[in-house]
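One structure below.
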Amino acid sequence: MKEFRLKDTVGTSPFLFHIGKACVNGRFPDHSHDFSELVIILGGTGIHRIDKFEHFAKAGDIHVFNPGAVHGFGEADNLSMCNISYNAELFSTLRSDVKTIPGFQSLFILDALAQGNPRSQTFTPAGRLPIHELRLAESMIDEMLSEFEARREGYESLLVGCFLKLVVFLSRNYRSPDEDTSSSLLKLAKAVSMIEKSFTGDISLRTLCEVSGLSARHLSRLFVRNYGTSPVEYIIRTRLEYAAGLLRRGQRPVTDIAYDSGFDDSNYFSRRFRQFFGQSPSEYRAVSTSAKAMRT
């Protein structure tokens with residue numbers, strides 16, 4: 001299994017991407033990276049160590065690692081895998097219909113957030129693919145490998161498209177690896193998906209409880225544990241980030257943007273916006289417009 005640094009890969013500076021296959025026998029030392037990593041176990045067995053926790057690794061296991069996460073392998077017996085290293089900013093190009101898939105939240109958000117948090121550890125992979133779906137995923141991986149190695153004209157854009165296609169495939173076909181230990185995270189993901197779909201509307205804690213099948217207390221505890229905030233504050237944060245995007249893109253009145261983002265009171269919106277971004281909505285737009293003008 002070859003070590004590499006993402007910045008050493010070929011491509012323009014915004015294109016931070018690497019894909020490879022590896023086979024491990026015996027032990028591979030614990031390590032970390034300064035980029036995000038998707039690991040899919042293709043065959044063989046072994047012990048996967050993640051932040052000092054261990055689980056039995058086998059074909060179909062899926063893991064997503066944040067920058068700085070520590071992991072390694074032991075007792076590997078022909079443990080073959082695909083490693084895809086990327087800059088998580090690639091997800092900014094995803095439309096909301098992907099971000100609302102519960103499997104996307106479970107795999108690419110919740111599993112990464114759980115790293116380093118002992119209370120969130122389940123000692124299992126983030127997800128698991130059955131063999132027939134694993135082979136479909138591997139065919140997508142082989143297509144990406146071919147493009148990455150050949151590096152023909154336009155390969156960067158094609159690789160990004162192929163990678164996002166794989167992300168959608170994994171999100172759609174998400175399977176909890178252990179229903180007893182991971183069902184709560186999947187239920188939490190359903191609540192987050194509801195927020196992503198309907199954050200501009202009237203979403204109550206009761207509605208989130210009904211969608212997720214969790215009690216208000218349990219749901220709130222899971223939000224704080226995995227997102228560092230309450231369900232209500234998560235909704236407000238999502239609205240504020242959406243409003244910031246509207247402010248960057250045009251000159252519509254702040255009051256209209258507040259209402260379009262789900263706020264009934266423009267004064268409350270402005271106060272919370274300043275708390276979150278450190279600037280008023282008008283100041284934020286002025287700075288964003290100035291920065292855009294300088295780039296052009």
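Residue names in the structure tokens use chain letters A, B, ... in the order shown, residue numbers from 1 in each chain, and ligand numbers from 1 in the order shown.
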
Do a neighbour search on region 219-226 of chain A at 9 Å with only C-alpha atoms, toss out local chain neighbours closer than 2 positions, and write the hits as a PDB file with N, CA and C atoms, in the first residue's frame.
```pdb
ATOM      1  N   LEU A 110     -22.073  12.144   8.876  1.00  0.00           N
ATOM      2  CA  LEU A 110     -22.115  11.621  10.239  1.00  0.00           C
ATOM      3  C   LEU A 110     -20.924  10.736  10.562  1.00  0.00           C
ATOM      4  N   LEU A 113     -17.973  12.954  11.164  1.00  0.00           N
ATOM      5  CA  LEU A 113     -18.108  13.705  12.404  1.00  0.00           C
ATOM      6  C   LEU A 113     -17.872  12.823  13.624  1.00  0.00           C
ATOM      7  N   ALA A 114     -18.173  11.537  13.511  1.00  0.00           N
ATOM      8  CA  ALA A 114     -18.031  10.632  14.653  1.00  0.00           C
ATOM      9  C   ALA A 114     -16.578  10.363  14.998  1.00  0.00           C
ATOM     10  N   ASN A 117     -14.717  11.162  18.417  1.00  0.00           N
ATOM     11  CA  ASN A 117     -15.731  11.340  19.450  1.00  0.00           C
ATOM     12  C   ASN A 117     -16.076   9.971  20.019  1.00  0.00           C
ATOM     13  N   ARG A 119     -18.031   8.866  22.173  1.00  0.00           N
ATOM     14  CA  ARG A 119     -19.450   8.574  22.382  1.00  0.00           C
ATOM     15  C   ARG A 119     -20.141   8.204  21.091  1.00  0.00           C
ATOM     16  N   SER A 120     -19.532   8.571  19.953  1.00  0.00           N
ATOM     17  CA  SER A 120     -20.165   8.306  18.666  1.00  0.00           C
ATOM     18  C   SER A 120     -19.657   7.020  18.019  1.00  0.00           C
ATOM     19  N   SER A 184     -29.623   4.471  15.076  1.00  0.00           N
ATOM     20  CA  SER A 184     -29.858   5.834  15.563  1.00  0.00           C
ATOM     21  C   SER A 184     -29.277   6.864  14.609  1.00  0.00           C
ATOM     22  N   LEU A 185     -28.083   6.571  14.058  1.00  0.00           N
ATOM     23  CA  LEU A 185     -27.480   7.506  13.116  1.00  0.00           C
ATOM     24  C   LEU A 185     -28.294   7.599  11.838  1.00  0.00           C
ATOM     25  N   LYS A 187     -31.520   7.145  11.609  1.00  0.00           N
ATOM     26  CA  LYS A 187     -32.709   7.911  11.964  1.00  0.00           C
ATOM     27  C   LYS A 187     -32.380   9.399  12.046  1.00  0.00           C
ATOM     28  N   LEU A 188     -31.221   9.721  12.609  1.00  0.00           N
ATOM     29  CA  LEU A 188     -30.788  11.119  12.651  1.00  0.00           C
ATOM     30  C   LEU A 188     -30.619  11.662  11.239  1.00  0.00           C
ATOM     31  N   ALA A 191     -33.806  12.844   9.768  1.00  0.00           N
ATOM     32  CA  ALA A 191     -34.213  14.162  10.260  1.00  0.00           C
ATOM     33  C   ALA A 191     -33.440  15.263   9.555  1.00  0.00           C
ATOM     34  N   LEU A 205     -39.977  20.614  15.815  1.00  0.00           N
ATOM     35  CA  LEU A 205     -39.270  19.493  16.423  1.00  0.00           C
ATOM     36  C   LEU A 205     -40.145  18.246  16.388  1.00  0.00           C
ATOM     37  N   LEU A 208     -39.800  16.563  13.022  1.00  0.00           N
ATOM     38  CA  LEU A 208     -38.528  15.853  12.918  1.00  0.00           C
ATOM     39  C   LEU A 208     -38.569  14.546  13.701  1.00  0.00           C
ATOM     40  N   CYS A 209     -39.239  14.561  14.833  1.00  0.00           N
ATOM     41  CA  CYS A 209     -39.375  13.332  15.622  1.00  0.00           C
ATOM     42  C   CYS A 209     -40.194  12.291  14.873  1.00  0.00           C
ATOM     43  N   SER A 212     -38.041  10.876  11.936  1.00  0.00           N
ATOM     44  CA  SER A 212     -36.913  10.050  12.373  1.00  0.00           C
ATOM     45  C   SER A 212     -37.326   8.861  13.224  1.00  0.00           C
ATOM     46  N   GLY A 213     -38.515   8.938  13.848  1.00  0.00           N
ATOM     47  CA  GLY A 213     -38.924   7.873  14.752  1.00  0.00           C
ATOM     48  C   GLY A 213     -38.225   7.928  16.094  1.00  0.00           C
ATOM     49  N   LEU A 214     -37.688   9.108  16.453  1.00  0.00           N
ATOM     50  CA  LEU A 214     -36.974   9.289  17.713  1.00  0.00           C
ATOM     51  C   LEU A 214     -37.755  10.224  18.628  1.00  0.00           C
ATOM     52  N   SER A 215     -37.552  10.081  19.913  1.00  0.00           N
ATOM     53  CA  SER A 215     -38.147  11.021  20.853  1.00  0.00           C
ATOM     54  C   SER A 215     -37.422  12.360  20.760  1.00  0.00           C
ATOM     55  N   ALA A 216     -38.062  13.416  21.229  1.00  0.00           N
ATOM     56  CA  ALA A 216     -37.449  14.747  21.173  1.00  0.00           C
ATOM     57  C   ALA A 216     -36.131  14.774  21.944  1.00  0.00           C
ATOM     58  N   ARG A 217     -36.117  14.126  23.081  1.00  0.00           N
ATOM     59  CA  ARG A 217     -34.900  14.111  23.898  1.00  0.00           C
ATOM     60  C   ARG A 217     -33.769  13.374  23.200  1.00  0.00           C
ATOM     61  N   GLY A 228     -23.004  19.176  17.112  1.00  0.00           N
ATOM     62  CA  GLY A 228     -22.602  20.214  18.037  1.00  0.00           C
ATOM     63  C   GLY A 228     -23.631  21.297  18.270  1.00  0.00           C
ATOM     64  N   THR A 229     -24.883  21.035  17.934  1.00  0.00           N
ATOM     65  CA  THR A 229     -25.930  22.033  18.103  1.00  0.00           C
ATOM     66  C   THR A 229     -27.286  21.338  18.201  1.00  0.00           C
ATOM     67  N   SER A 230     -28.301  22.079  18.600  1.00  0.00           N
ATOM     68  CA  SER A 230     -29.647  21.517  18.724  1.00  0.00           C
ATOM     69  C   SER A 230     -30.330  21.454  17.362  1.00  0.00           C
ATOM     70  N   PRO A 231     -31.421  20.689  17.231  1.00  0.00           N
ATOM     71  CA  PRO A 231     -32.150  20.648  15.956  1.00  0.00           C
ATOM     72  C   PRO A 231     -32.615  22.029  15.507  1.00  0.00           C
ATOM     73  N   TYR A 234     -29.733  24.010  14.258  1.00  0.00           N
ATOM     74  CA  TYR A 234     -29.280  23.471  12.974  1.00  0.00           C
ATOM     75  C   TYR A 234     -30.148  24.023  11.842  1.00  0.00           C
TER      76      TYR A 234
END
```

Per-residue DSSP, region 78-170 of chain A, filtered to strand (DSSP E), as a ChimeraX atom specification: /A:78-86,127-128

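Distance annotation: of A:Met140, A:Ser193, A:Gly46, A:Arg252, the residue with the minimal separation from Val211 (chain A) is A:Ser193; atom set is only C-alpha atoms.
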
Distance criterion (only C-alpha atoms): nearest to Asp260 (chain A) out of A:Thr45, A:Thr238, A:Thr200, A:Asn25: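 Smallest distance to Asp260 (chain A) is found for A:Thr200.
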
Distance query Leu164 (chain A) at most 9 Å, only C-alpha atoms, self and fewer than 6 positions along chain excluded, as JSON, numbers by chain: {"A": [90, 91, 94]}

Can I get the selected residues back with N, CA, C and O atoms, as an mmCIF file, in the first residue's frame?
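result-v1.cif written:
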```
data_model
loop_
_atom_site.group_PDB
_atom_site.id
_atom_site.type_symbol
_atom_site.label_atom_id
_atom_site.label_comp_id
_atom_site.auth_asym_id
_atom_site.auth_seq_id
_atom_site.Cartn_x
_atom_site.Cartn_y
_atom_site.Cartn_z
ATOM 1 N N LEU A 90 -15.466 19.535 -3.137
ATOM 2 C CA LEU A 90 -16.136 18.993 -4.327
ATOM 3 C C LEU A 90 -17.634 18.858 -4.091
ATOM 4 O O LEU A 90 -18.437 18.970 -5.017
ATOM 5 N N PHE A 91 -18.025 18.623 -2.833
ATOM 6 C CA PHE A 91 -19.442 18.435 -2.533
ATOM 7 C C PHE A 91 -20.243 19.720 -2.686
ATOM 8 O O PHE A 91 -21.473 19.676 -2.702
ATOM 9 N N LEU A 94 -22.664 19.651 -5.482
ATOM 10 C CA LEU A 94 -23.824 18.763 -5.429
ATOM 11 C C LEU A 94 -25.104 19.559 -5.245
ATOM 12 O O LEU A 94 -25.144 20.536 -4.494
#
```

Distance query Pro29 (chain A) at most 9 Å, only C-alpha atoms, self and fewer than 4 positions along chain excluded, as an NGL selection string: :A and (71-74)

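Comparing A:Glu156, A:Asp97, A:Leu107, A:Val24 by their smallest distance to Asn78 (chain A), the closest is A:Val24 (using only C-alpha atoms).
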
Closest of A:Cys23, A:Arg249, A:Lys99, A:Ile47 to Cys82 (chain A) - atom-to-atom distances counting only C-alpha atoms: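 Closest candidate: A:Cys23.
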
Shortest interatomic distance to Ser290 (chain A) - which of A:Phe35, A:Ser146, A:Arg248, A:Asp30, counting only C-alpha atoms: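 Closest to Ser290 (chain A) of all the choices is A:Arg248.
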
For region 58-63 of chain A: contacts at 7 Å, only C-alpha atoms, fewer than 5 positions along chain excluded, given as a VMD selection string: chain A and resid 38 to 46 125 to 131 134

Computed interatomic separation between CA of Arg172 (chain A) and CA of Pro102 (chain A) (Å):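 Interatomic distance here is 8.2 Å.
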
Residues within 9 Å of Ile101 (chain A), only C-alpha atoms, excluding chain neighbours under 4 positions, as a ChimeraX atom specification: /A:96-97,105-106,168,171-172,189-190,193

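For the residues A:Ile236, A:Ala243, A:Ile50, A:Val64, ranking by smallest atom-to-atom distance to Leu170 (chain A) using only C-alpha atoms places A:Val64 first.
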